[in-house]
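Raw structure.cif, mmCIF, C-alpha atoms and all ligand atoms:
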data_target
#
loop_
_atom_site.label_atom_id
_atom_site.label_comp_id
_atom_site.auth_asym_id
_atom_site.auth_seq_id
_atom_site.Cartn_x
_atom_site.Cartn_y
_atom_site.Cartn_z
CA MET A 159 5.01 142.80 92.85
CA THR A 160 5.35 139.21 94.07
CA ALA A 161 8.81 138.06 95.07
CA LEU A 162 10.26 135.78 92.42
CA GLN A 163 10.67 132.35 93.87
CA LEU A 164 12.26 130.55 90.97
CA SER A 165 14.22 131.39 87.82
CA VAL A 166 14.73 128.63 85.30
CA VAL A 167 17.80 129.23 83.14
CA VAL A 168 17.89 127.44 79.78
CA PRO A 169 20.78 127.71 77.29
CA CYS A 170 19.58 127.00 73.76
CA PHE A 171 21.58 126.40 70.62
CA ASN A 172 19.61 125.44 67.52
CA GLU A 173 16.71 124.02 69.48
CA THR A 174 13.72 124.93 67.27
CA GLU A 175 12.58 121.31 67.26
CA ALA A 176 12.61 120.95 71.02
CA ILE A 177 11.88 124.35 72.50
CA GLU A 178 8.09 124.44 72.27
CA THR A 179 7.59 120.96 73.74
CA PHE A 180 10.10 121.86 76.42
CA HIS A 181 8.37 125.12 77.25
CA ALA A 182 4.97 123.47 77.54
CA ALA A 183 6.35 120.69 79.76
CA LEU A 184 8.09 123.24 81.97
CA LEU A 185 4.99 125.35 82.43
CA ALA A 186 2.92 122.25 83.17
CA ALA A 187 5.36 121.10 85.82
CA LEU A 188 5.54 124.52 87.48
CA GLU A 189 1.91 125.57 87.21
CA SER A 190 1.58 126.04 90.97
CA LEU A 191 4.25 128.77 91.04
CA GLY A 192 2.17 131.21 88.99
CA ASP A 193 3.80 134.64 88.86
CA GLU A 194 6.58 133.63 91.19
CA LEU A 195 8.32 131.99 88.26
CA GLU A 196 10.50 133.42 85.52
CA ILE A 197 12.10 131.58 82.64
CA CYS A 198 15.39 132.94 81.31
CA TYR A 199 16.28 131.57 77.89
CA VAL A 200 19.68 132.24 76.43
CA ASP A 201 20.01 131.88 72.68
CA ASP A 202 23.61 130.92 72.07
CA GLY A 203 23.82 132.30 68.53
CA SER A 204 21.45 129.76 66.96
CA THR A 205 21.23 129.75 63.20
CA ASP A 206 17.84 128.06 62.94
CA GLY A 207 15.35 130.63 64.20
CA THR A 208 15.45 129.68 67.87
CA ARG A 209 15.77 133.38 68.69
CA LEU A 210 12.53 134.22 66.92
CA LEU A 211 10.73 131.41 68.73
CA LEU A 212 12.01 132.75 72.04
CA GLY A 213 10.90 136.24 71.06
CA GLY A 214 7.45 134.82 70.43
CA LEU A 215 7.33 133.05 73.79
CA ALA A 216 8.47 136.24 75.55
CA ALA A 217 5.83 138.29 73.81
CA LEU A 218 3.05 135.95 74.90
CA ASP A 219 4.10 135.49 78.51
CA LYS A 220 5.75 138.18 80.61
CA ARG A 221 7.39 135.54 82.79
CA VAL A 222 9.57 134.58 79.83
CA ARG A 223 12.74 136.60 79.19
CA TYR A 224 15.59 135.95 76.83
CA THR A 225 19.08 137.07 75.91
CA ALA A 226 20.46 136.33 72.45
CA PHE A 227 24.18 136.21 71.65
CA SER A 228 25.72 137.66 68.52
CA ARG A 229 27.21 134.25 67.66
CA ASN A 230 27.76 130.84 69.24
CA PHE A 231 29.84 131.33 72.38
CA GLY A 232 29.32 127.88 73.89
CA LYS A 233 27.16 126.52 76.67
CA GLU A 234 29.41 127.81 79.48
CA ALA A 235 28.96 131.39 78.30
CA ALA A 236 25.22 130.83 77.86
CA MET A 237 24.86 129.50 81.40
CA LEU A 238 26.77 132.49 82.74
CA ALA A 239 24.51 134.92 80.88
CA GLY A 240 21.45 133.08 82.21
CA LEU A 241 22.67 133.22 85.79
CA ARG A 242 23.39 136.94 85.42
CA MET A 243 19.88 137.49 84.08
CA SER A 244 18.11 135.51 86.78
CA ARG A 245 16.42 137.29 89.67
CA GLY A 246 14.73 134.45 91.56
CA ALA A 247 15.46 133.32 95.11
CA ALA A 248 16.38 129.95 93.61
CA VAL A 249 17.71 129.22 90.14
CA VAL A 250 17.37 125.98 88.18
CA LEU A 251 19.80 125.40 85.31
CA MET A 252 18.59 122.96 82.67
CA ASP A 253 18.90 121.91 79.02
CA ALA A 254 16.27 122.63 76.43
CA ASP A 255 16.10 119.11 75.02
CA LEU A 256 13.99 117.50 77.79
CA GLN A 257 16.90 115.34 78.90
CA HIS A 258 16.49 117.17 82.18
CA PRO A 259 12.91 116.35 83.20
CA PRO A 260 10.99 119.45 84.40
CA GLU A 261 8.88 117.16 86.64
CA LEU A 262 11.84 116.94 88.99
CA ILE A 263 11.84 120.67 89.74
CA PRO A 264 9.13 120.60 92.47
CA ARG A 265 11.16 117.99 94.30
CA MET A 266 14.29 120.11 93.93
CA LEU A 267 12.45 123.13 95.32
CA GLU A 268 11.24 121.05 98.23
CA LEU A 269 14.81 120.04 99.09
CA HIS A 270 15.88 123.67 98.73
CA ARG A 271 13.22 124.67 101.25
CA HIS A 272 14.74 122.18 103.63
CA GLY A 273 17.86 124.31 103.58
CA TYR A 274 20.02 122.98 100.74
CA ASP A 275 21.83 125.54 98.60
CA GLN A 276 22.56 123.16 95.76
CA VAL A 277 20.27 120.36 94.66
CA ILE A 278 21.68 118.09 91.97
CA PRO A 279 19.65 115.45 90.16
CA ARG A 280 22.15 112.91 88.88
CA ARG A 281 21.32 110.93 85.82
CA ASP A 282 22.16 107.25 85.56
CA ARG A 283 23.72 106.14 82.33
CA THR A 284 20.93 104.21 80.62
CA GLY A 285 21.07 104.69 76.87
CA ASP A 286 24.70 105.81 76.66
CA GLY A 287 27.02 103.81 74.41
CA VAL A 288 29.52 101.43 76.01
CA LEU A 289 32.46 103.46 74.72
CA ARG A 290 31.14 106.78 76.03
CA ASN A 291 30.35 105.08 79.33
CA THR A 292 33.83 103.69 79.84
CA LEU A 293 35.42 106.93 78.73
CA SER A 294 33.42 109.06 81.11
CA HIS A 295 34.07 106.69 84.01
CA THR A 296 37.80 106.88 83.34
CA TYR A 297 37.58 110.62 82.96
CA TYR A 298 35.81 111.13 86.28
CA ALA A 299 38.32 108.87 88.02
CA LEU A 300 41.12 111.02 86.53
CA VAL A 301 39.37 114.26 87.45
CA ARG A 302 38.92 113.09 91.03
CA ARG A 303 42.66 112.49 91.29
CA CYS A 304 43.65 115.72 89.58
CA MET A 305 41.30 118.28 91.04
CA ASP A 306 40.95 119.72 94.47
CA VAL A 307 37.21 119.85 93.98
CA GLU A 308 34.84 116.92 93.95
CA VAL A 309 33.06 116.32 90.63
CA VAL A 310 30.57 113.49 90.81
CA ASP A 311 29.96 111.14 87.89
CA GLY A 312 26.54 111.72 86.36
CA SER A 313 26.07 115.19 87.77
CA GLY A 314 25.74 117.46 84.78
CA ASP A 315 24.76 121.06 84.70
CA PHE A 316 21.19 120.26 85.75
CA ARG A 317 20.89 121.70 89.25
CA LEU A 318 19.18 124.11 91.57
CA LEU A 319 21.22 126.87 93.15
CA SER A 320 20.12 129.19 95.93
CA ARG A 321 20.51 132.92 95.43
CA ARG A 322 23.64 133.08 97.57
CA ALA A 323 25.16 130.16 95.63
CA VAL A 324 24.43 131.95 92.34
CA ASP A 325 25.95 135.15 93.69
CA SER A 326 29.11 133.31 94.65
CA VAL A 327 29.34 131.69 91.21
CA LEU A 328 28.97 135.13 89.64
CA SER A 329 31.59 136.62 91.92
CA LEU A 330 34.32 134.51 90.27
CA PRO A 331 36.01 136.76 87.72
CA GLU A 332 37.56 134.17 85.39
CA SER A 333 36.38 134.17 81.81
CA ASN A 334 37.57 130.65 80.99
CA ARG A 335 34.83 128.89 82.88
CA PHE A 336 34.40 125.24 83.79
CA SER A 337 31.08 125.21 85.62
CA LYS A 338 31.20 121.66 86.92
CA GLY A 339 34.29 122.59 88.89
CA ILE A 340 33.04 126.04 89.87
CA PHE A 341 29.75 124.72 91.30
CA SER A 342 31.67 122.30 93.43
CA TRP A 343 34.31 124.87 94.39
CA ILE A 344 31.79 127.32 95.90
CA GLY A 345 30.71 124.70 98.43
CA PHE A 346 27.48 125.14 100.49
CA ASP A 347 25.14 122.34 101.58
CA THR A 348 24.60 120.09 98.61
CA VAL A 349 22.27 117.17 98.09
CA SER A 350 21.83 114.93 95.07
CA PHE A 351 19.37 112.29 93.95
CA ARG A 352 19.23 109.89 91.03
CA TYR A 353 16.91 109.92 88.06
CA ARG A 354 16.62 107.80 84.96
CA ASN A 355 18.46 109.13 81.95
CA ARG A 356 16.41 110.18 78.93
CA GLU A 357 17.02 110.40 75.26
CA ARG A 358 17.01 113.81 73.63
CA ALA A 359 13.42 114.85 72.72
CA ALA A 360 14.34 116.20 69.29
CA GLY A 361 17.27 117.57 67.32
CA GLN A 362 20.91 116.57 67.68
CA SER A 363 23.40 116.63 70.50
CA LYS A 364 26.01 119.30 69.87
CA TRP A 365 28.72 117.36 71.60
CA GLY A 366 30.75 115.31 69.16
CA SER A 367 33.53 113.18 70.61
CA ARG A 368 36.13 115.79 69.71
CA ARG A 369 34.24 118.52 71.53
CA LEU A 370 33.82 116.27 74.56
CA LEU A 371 37.54 115.51 74.57
CA ASN A 372 38.41 119.20 74.46
CA TYR A 373 35.93 119.90 77.22
CA GLY A 374 37.57 117.15 79.24
CA ILE A 375 41.04 118.65 78.80
CA ASP A 376 39.66 122.08 79.71
CA GLY A 377 38.22 120.66 82.89
CA LEU A 378 41.44 119.01 83.90
CA LEU A 379 43.54 122.09 83.30
CA SER A 380 41.28 124.87 84.43
CA PHE A 381 41.30 124.07 88.09
CA ASN A 382 44.84 123.76 89.33
CA ASN A 383 48.41 123.04 88.40
CA ARG A 384 48.51 119.34 89.17
CA PRO A 385 49.29 118.36 85.57
CA LEU A 386 52.46 120.47 85.90
CA ARG A 387 53.24 118.68 89.15
CA LEU A 388 52.81 115.41 87.31
CA ALA A 389 55.37 116.58 84.74
CA ILE A 390 57.84 117.32 87.54
CA TYR A 391 57.34 113.87 89.08
CA THR A 392 57.61 112.12 85.71
CA GLY A 393 60.83 113.98 84.96
CA PHE A 394 62.18 113.04 88.36
CA TRP A 395 61.46 109.33 87.98
CA VAL A 396 62.81 109.24 84.43
CA PHE A 397 65.98 110.82 85.77
CA VAL A 398 66.23 108.31 88.63
CA SER A 399 65.78 105.33 86.31
CA ALA A 400 68.36 106.75 83.87
CA PHE A 401 70.78 107.09 86.76
CA VAL A 402 70.18 103.52 87.92
CA TYR A 403 70.57 102.27 84.35
CA ALA A 404 73.85 104.17 83.96
CA LEU A 405 75.19 102.70 87.21
CA SER A 406 74.28 99.18 86.20
CA THR A 407 75.96 99.71 82.81
CA ILE A 408 79.16 100.92 84.49
CA VAL A 409 79.17 97.89 86.80
CA ASN A 410 78.47 95.62 83.84
CA VAL A 411 81.35 97.07 81.80
CA ALA A 412 83.71 96.82 84.79
CA LEU A 413 82.85 93.18 85.37
CA ASN A 414 82.35 91.85 81.85
CA GLY A 415 84.21 94.32 79.66
CA ALA A 416 82.69 96.52 76.92
CA ASP A 417 79.85 94.96 74.99
CA THR A 418 78.11 96.06 71.77
CA PRO A 419 75.84 98.92 72.93
CA GLY A 420 72.12 98.37 72.65
CA TYR A 421 70.82 100.30 69.69
CA ALA A 422 67.18 99.41 70.56
CA THR A 423 67.51 100.69 74.12
CA LEU A 424 68.89 103.97 72.86
CA LEU A 425 66.09 104.49 70.36
CA THR A 426 63.38 103.61 72.89
CA ALA A 427 64.84 106.02 75.42
CA VAL A 428 65.05 108.86 72.89
CA VAL A 429 61.53 108.33 71.59
CA ALA A 430 60.00 107.95 75.05
CA LEU A 431 61.76 111.04 76.34
CA SER A 432 60.74 113.14 73.35
CA GLY A 433 57.15 112.02 73.91
CA ILE A 434 57.24 113.05 77.55
CA GLN A 435 58.83 116.37 76.62
CA LEU A 436 56.24 117.14 73.98
CA VAL A 437 53.35 116.36 76.32
CA THR A 438 54.89 118.50 79.05
CA LEU A 439 55.45 121.33 76.61
CA GLY A 440 51.81 121.02 75.57
CA VAL A 441 50.65 121.19 79.17
CA ILE A 442 52.76 124.28 79.83
CA GLY A 443 51.49 125.78 76.58
CA GLU A 444 47.90 125.23 77.70
CA TYR A 445 48.51 127.15 80.90
CA VAL A 446 50.27 129.97 79.07
CA GLY A 447 47.37 130.07 76.63
CA ARG A 448 44.97 130.38 79.52
CA ILE A 449 46.95 133.24 81.04
CA TYR A 450 46.98 134.94 77.64
CA HIS A 451 43.23 134.48 77.35
CA GLU A 452 42.50 135.82 80.83
CA ALA A 453 44.94 138.70 80.39
CA LYS A 454 42.96 140.02 77.44
CA HIS A 455 39.97 140.57 79.73
CA ARG A 456 37.48 139.94 76.99
CA PRO A 457 33.87 139.49 77.97
CA PRO A 458 32.77 135.84 77.75
CA TYR A 459 30.02 136.68 75.26
CA VAL A 460 28.49 139.48 73.20
CA VAL A 461 24.77 140.17 73.47
CA ARG A 462 22.83 140.79 70.33
CA GLU A 463 19.49 141.55 71.93
CA THR A 464 17.40 140.82 75.02
CA SER A 465 13.68 140.59 75.56
CA GLU A 466 13.89 143.99 77.28
CA SER A 467 15.89 145.66 74.51
CA CYS A 468 13.85 144.19 71.71
CA PRO A 469 10.29 143.43 72.73
CA VAL A 470 8.54 141.55 69.96
CA LEU A 471 4.88 142.37 69.56
CA PRO A 472 2.59 139.37 69.11
CA SER A 473 2.16 139.39 65.35
CA THR A 474 -0.38 136.63 64.81
CA PRO A 475 -3.75 138.27 64.20
CA GLU A 476 -6.47 136.53 66.16
N1 LIG B 1 24.01 124.38 74.07
C1 LIG B 1 24.37 125.72 74.02
N2 LIG B 1 25.47 126.09 73.29
C2 LIG B 1 26.25 125.18 72.62
C3 LIG B 1 25.88 123.81 72.71
C4 LIG B 1 24.78 123.45 73.44
O1 LIG B 1 23.70 126.57 74.60
O2 LIG B 1 27.21 125.58 71.98
C5 LIG B 1 22.81 123.98 74.85
C6 LIG B 1 21.82 123.13 74.07
O3 LIG B 1 20.90 123.90 73.37
C7 LIG B 1 21.15 122.34 75.17
C8 LIG B 1 22.28 122.16 76.19
O4 LIG B 1 23.24 123.18 75.91
O5 LIG B 1 20.09 123.05 75.79
C9 LIG B 1 22.92 120.79 76.12
O6 LIG B 1 23.34 120.52 74.81
P1 LIG B 1 23.25 119.07 74.16
O7 LIG B 1 21.91 118.47 74.40
O8 LIG B 1 23.70 119.22 72.76
O9 LIG B 1 24.34 118.31 75.02
P2 LIG B 1 24.25 116.81 75.64
O10 LIG B 1 22.91 116.68 76.31
O11 LIG B 1 24.41 115.89 74.50
O12 LIG B 1 25.38 116.79 76.62
MG MG B 2 21.18 116.98 75.57
#
Just give me the structure as structure tokens.
Amino acid sequence: MTALQLSVVVPCFNETEAIETFHAALLAALESLGDELEICYVDDGSTDGTRLLLGGLAALDKRVRYTAFSRNFGKEAAMLAGLRMSRGAAVVLMDADLQHPPELIPRMLELHRHGYDQVIPRRDRTGDGVLRNTLSHTYYALVRRCMDVEVVDGSGDFRLLSRRAVDSVLSLPESNRFSKGIFSWIGFDTVSFRYRNRERAAGQSKWGSRRLLNYGIDGLLSFNNRPLRLAIYTGFWVFVSAFVYALSTIVNVALNGADTPGYATLLTAVVALSGIQLVTLGVIGEYVGRIYHEAKHRPPYVVRETSESCPVLPSTPE
């Protein structure tokens, strides 16, 4: 048996429209690898027949394997399942919608051969809306300040990982996973290069603005306790300014006598403080929620079937 050089891991959720074009493009780009390639698809509980398409691909080509979830568990879980499945000496993680061009993989492999454990193609932001652009810039600036790990703007989940990098990712036991942070946390020699952003080949993006926002909050909170630190500092400064304000009031009363108290100041202070308290409570709640989630020790996903457990026989008579 030839040693597997490369595993390509592809999470798919309702990708019937894109998967066949993607598969063909991938095979075309990696023709030279022959049997040293495997493709690990993960069907993240699609409701549109993606699983059957994957079954078909696996039946026709033994280099194709798949795992299908019992329901939609999210892309993070799908990536984890794909990494666990992969057996290659290098692993490329990519989306099924051709936004991650397969033509870049040979170049990524080349850089990997030069000794890099992580190779990250970074997309530029052509084609993104102005709003999304500004928001993500702000977000990355915030993340850089709040996290101990470096997360670079434009680096998505498209990347090549060496076997030892994959093993270290898999050695992290947490079930609430934020891969962008994890990939950066494991370290190793990393190189990145730019490519031009592409539109989705077919189908719809599954990331509405609400989902993106939640993902953003997850990212900020799942790496360390700096938001709690921030709450402590805010509380401290609010206290200091209240103290200064009280002193100045006392001096004022002593010098000028009692005045009509400022109703507006009082209301502003109460409202502002309640706001800060609610946000802080929310932040604490998020952490407690996370502890609760981790303490249950649930698996991050449930497998419905795999290409090994459920081999589909080619059914088209020819
Ligand atoms: N995906 C997934 N589970 C989900 C949502 C998305 O496995 O719950 C997959 C999807 O099939 C695609 C990749 O993750 O291969 C990226 O999704 P999408 O293109 O919707 O995200 P975007 O490119 O807009 O960030
Ligand atoms: Mg996409």
Return the single residue from A:Asp206, A:Asp255, A:Val222, A:Leu184 that is closest to ligand LIG 1 (chain B), with distances computed using all atoms listed in the file.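 Closest candidate: A:Asp255.
When CA of Leu162 in chain A is paired with CA of Glu268 in chain A, their separation reads 15.9 Å.
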Which residues are close to range 373-390 of chain A, i.e. within 8 Å by all atoms listed in the file, leaving aside same-chain residues fewer than 4 positions away? Reply as a PDB file with C-alpha atoms, in the frame of the given file.
ATOM      1  CA  TYR A 297      37.580 110.620  82.960  1.00  0.00           C
ATOM      2  CA  VAL A 301      39.370 114.260  87.450  1.00  0.00           C
ATOM      3  CA  CYS A 304      43.650 115.720  89.580  1.00  0.00           C
ATOM      4  CA  MET A 305      41.300 118.280  91.040  1.00  0.00           C
ATOM      5  CA  ASP A 306      40.950 119.720  94.470  1.00  0.00           C
ATOM      6  CA  ASN A 334      37.570 130.650  80.990  1.00  0.00           C
ATOM      7  CA  ARG A 335      34.830 128.890  82.880  1.00  0.00           C
ATOM      8  CA  PHE A 336      34.400 125.240  83.790  1.00  0.00           C
ATOM      9  CA  GLY A 339      34.290 122.590  88.890  1.00  0.00           C
ATOM     10  CA  ARG A 369      34.240 118.520  71.530  1.00  0.00           C
ATOM     11  CA  PHE A 394      62.180 113.040  88.360  1.00  0.00           C
ATOM     12  CA  THR A 438      54.890 118.500  79.050  1.00  0.00           C
ATOM     13  CA  VAL A 441      50.650 121.190  79.170  1.00  0.00           C
ATOM     14  CA  ILE A 442      52.760 124.280  79.830  1.00  0.00           C
ATOM     15  CA  GLU A 444      47.900 125.230  77.700  1.00  0.00           C
ATOM     16  CA  TYR A 445      48.510 127.150  80.900  1.00  0.00           C
TER      17      TYR A 445
END
Could you give me the residues within 10 Å of ligand LIG 1 (chain B), counting all atoms listed in the file, as a tab-separated table (two decimals) with C-alpha atoms, keeping the file's coordinate frame?
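For reference, part_33.tsv as written:
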chain	number	residue	atom	x	y	z
A	167	VAL	CA	17.80	129.23	83.14
A	168	VAL	CA	17.89	127.44	79.78
A	169	PRO	CA	20.78	127.71	77.29
A	170	CYS	CA	19.58	127.00	73.76
A	171	PHE	CA	21.58	126.40	70.62
A	172	ASN	CA	19.61	125.44	67.52
A	173	GLU	CA	16.71	124.02	69.48
A	174	THR	CA	13.72	124.93	67.27
A	176	ALA	CA	12.61	120.95	71.02
A	177	ILE	CA	11.88	124.35	72.50
A	199	TYR	CA	16.28	131.57	77.89
A	200	VAL	CA	19.68	132.24	76.43
A	201	ASP	CA	20.01	131.88	72.68
A	202	ASP	CA	23.61	130.92	72.07
A	203	GLY	CA	23.82	132.30	68.53
A	204	SER	CA	21.45	129.76	66.96
A	208	THR	CA	15.45	129.68	67.87
A	229	ARG	CA	27.21	134.25	67.66
A	230	ASN	CA	27.76	130.84	69.24
A	231	PHE	CA	29.84	131.33	72.38
A	232	GLY	CA	29.32	127.88	73.89
A	233	LYS	CA	27.16	126.52	76.67
A	234	GLU	CA	29.41	127.81	79.48
A	235	ALA	CA	28.96	131.39	78.30
A	236	ALA	CA	25.22	130.83	77.86
A	237	MET	CA	24.86	129.50	81.40
A	251	LEU	CA	19.80	125.40	85.31
A	252	MET	CA	18.59	122.96	82.67
A	253	ASP	CA	18.90	121.91	79.02
A	254	ALA	CA	16.27	122.63	76.43
A	255	ASP	CA	16.10	119.11	75.02
A	256	LEU	CA	13.99	117.50	77.79
A	257	GLN	CA	16.90	115.34	78.90
A	258	HIS	CA	16.49	117.17	82.18
A	314	GLY	CA	25.74	117.46	84.78
A	315	ASP	CA	24.76	121.06	84.70
A	316	PHE	CA	21.19	120.26	85.75
A	356	ARG	CA	16.41	110.18	78.93
A	357	GLU	CA	17.02	110.40	75.26
A	358	ARG	CA	17.01	113.81	73.63
A	359	ALA	CA	13.42	114.85	72.72
A	360	ALA	CA	14.34	116.20	69.29
A	361	GLY	CA	17.27	117.57	67.32
A	362	GLN	CA	20.91	116.57	67.68
A	363	SER	CA	23.40	116.63	70.50
A	364	LYS	CA	26.01	119.30	69.87
A	365	TRP	CA	28.72	117.36	71.60
A	366	GLY	CA	30.75	115.31	69.16
A	369	ARG	CA	34.24	118.52	71.53
A	370	LEU	CA	33.82	116.27	74.56
Would you work out the distance separating CA of His295 in chain A from CA of Glu332 in chain A, expressed in Å to one decimal? 27.7 Å
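Separating CA of Ser244 in chain A from CA of Tyr224 in chain A is a distance of 10.3 Å.
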At a cut-off of 12 Å, using all atoms listed in the file, what residues contact Asp325 in chain A? Leave out same-chain residues fewer than 2 positions from it and give the result as a ChimeraX atom specification. /A:238,241-249,275,319-323,327-331,341,344
With only C-alpha atoms and all ligand atoms as the atoms that count, which of A:Ser432, A:Arg303, A:Pro259, A:Gly440 lies nearest to ligand MG 2 (chain B)?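 When distances to ligand MG 2 (chain B) are compared using only C-alpha atoms and all ligand atoms, the smallest one comes from A:Pro259.
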Residues near Ala187 in chain A, anyone? I mean within 12 Å using only C-alpha atoms, not counting same-chain ones fewer than 2 positions away, as an MDAnalysis selection string. chainID A and resid 180:185 189:192 195 259:265
Could those residues be written to a file, using C-alpha atoms, as a tab-separated table (two decimals), keeping the file's coordinate frame?
chain	number	residue	atom	x	y	z
A	180	PHE	CA	10.10	121.86	76.42
A	181	HIS	CA	8.37	125.12	77.25
A	182	ALA	CA	4.97	123.47	77.54
A	183	ALA	CA	6.35	120.69	79.76
A	184	LEU	CA	8.09	123.24	81.97
A	185	LEU	CA	4.99	125.35	82.43
A	189	GLU	CA	1.91	125.57	87.21
A	190	SER	CA	1.58	126.04	90.97
A	191	LEU	CA	4.25	128.77	91.04
A	192	GLY	CA	2.17	131.21	88.99
A	195	LEU	CA	8.32	131.99	88.26
A	259	PRO	CA	12.91	116.35	83.20
A	260	PRO	CA	10.99	119.45	84.40
A	261	GLU	CA	8.88	117.16	86.64
A	262	LEU	CA	11.84	116.94	88.99
A	263	ILE	CA	11.84	120.67	89.74
A	264	PRO	CA	9.13	120.60	92.47
A	265	ARG	CA	11.16	117.99	94.30
So that I can see what lies close to Arg221 in chain A, please list as an mmCIF file with C-alpha atoms, keeping the file's coordinate frame the residues with an atom at most 10 Å from it, counting only C-alpha atoms and leaving out residues fewer than 5 positions away in the same chain.
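Generated file (out16.cif):
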data_model
loop_
_atom_site.group_PDB
_atom_site.id
_atom_site.type_symbol
_atom_site.label_atom_id
_atom_site.label_comp_id
_atom_site.auth_asym_id
_atom_site.auth_seq_id
_atom_site.Cartn_x
_atom_site.Cartn_y
_atom_site.Cartn_z
ATOM 1 C CA SER A 165 14.220 131.390 87.820
ATOM 2 C CA GLY A 192 2.170 131.210 88.990
ATOM 3 C CA ASP A 193 3.800 134.640 88.860
ATOM 4 C CA GLU A 194 6.580 133.630 91.190
ATOM 5 C CA LEU A 195 8.320 131.990 88.260
ATOM 6 C CA GLU A 196 10.500 133.420 85.520
ATOM 7 C CA ILE A 197 12.100 131.580 82.640
ATOM 8 C CA CYS A 198 15.390 132.940 81.310
ATOM 9 C CA LEU A 215 7.330 133.050 73.790
ATOM 10 C CA ALA A 216 8.470 136.240 75.550
#
Determine the nearest neighbour of Gln435 in chain A from the options A:Thr392, A:Ser228, A:Ser294, A:Ser333, counting all atoms listed in the file. A:Thr392
Leu293 in chain A: which residues within 12 Å, counting only C-alpha atoms, same-chain residues fewer than 3 positions away excluded, as a list in words?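 My reading of the contact set: Asp286, Gly287, Val288, Leu289, Arg290, Thr296, Tyr297, Tyr298, Ala299, Leu300, Asp311, Ser367, Leu370, Leu371 and Gly374 of chain A.
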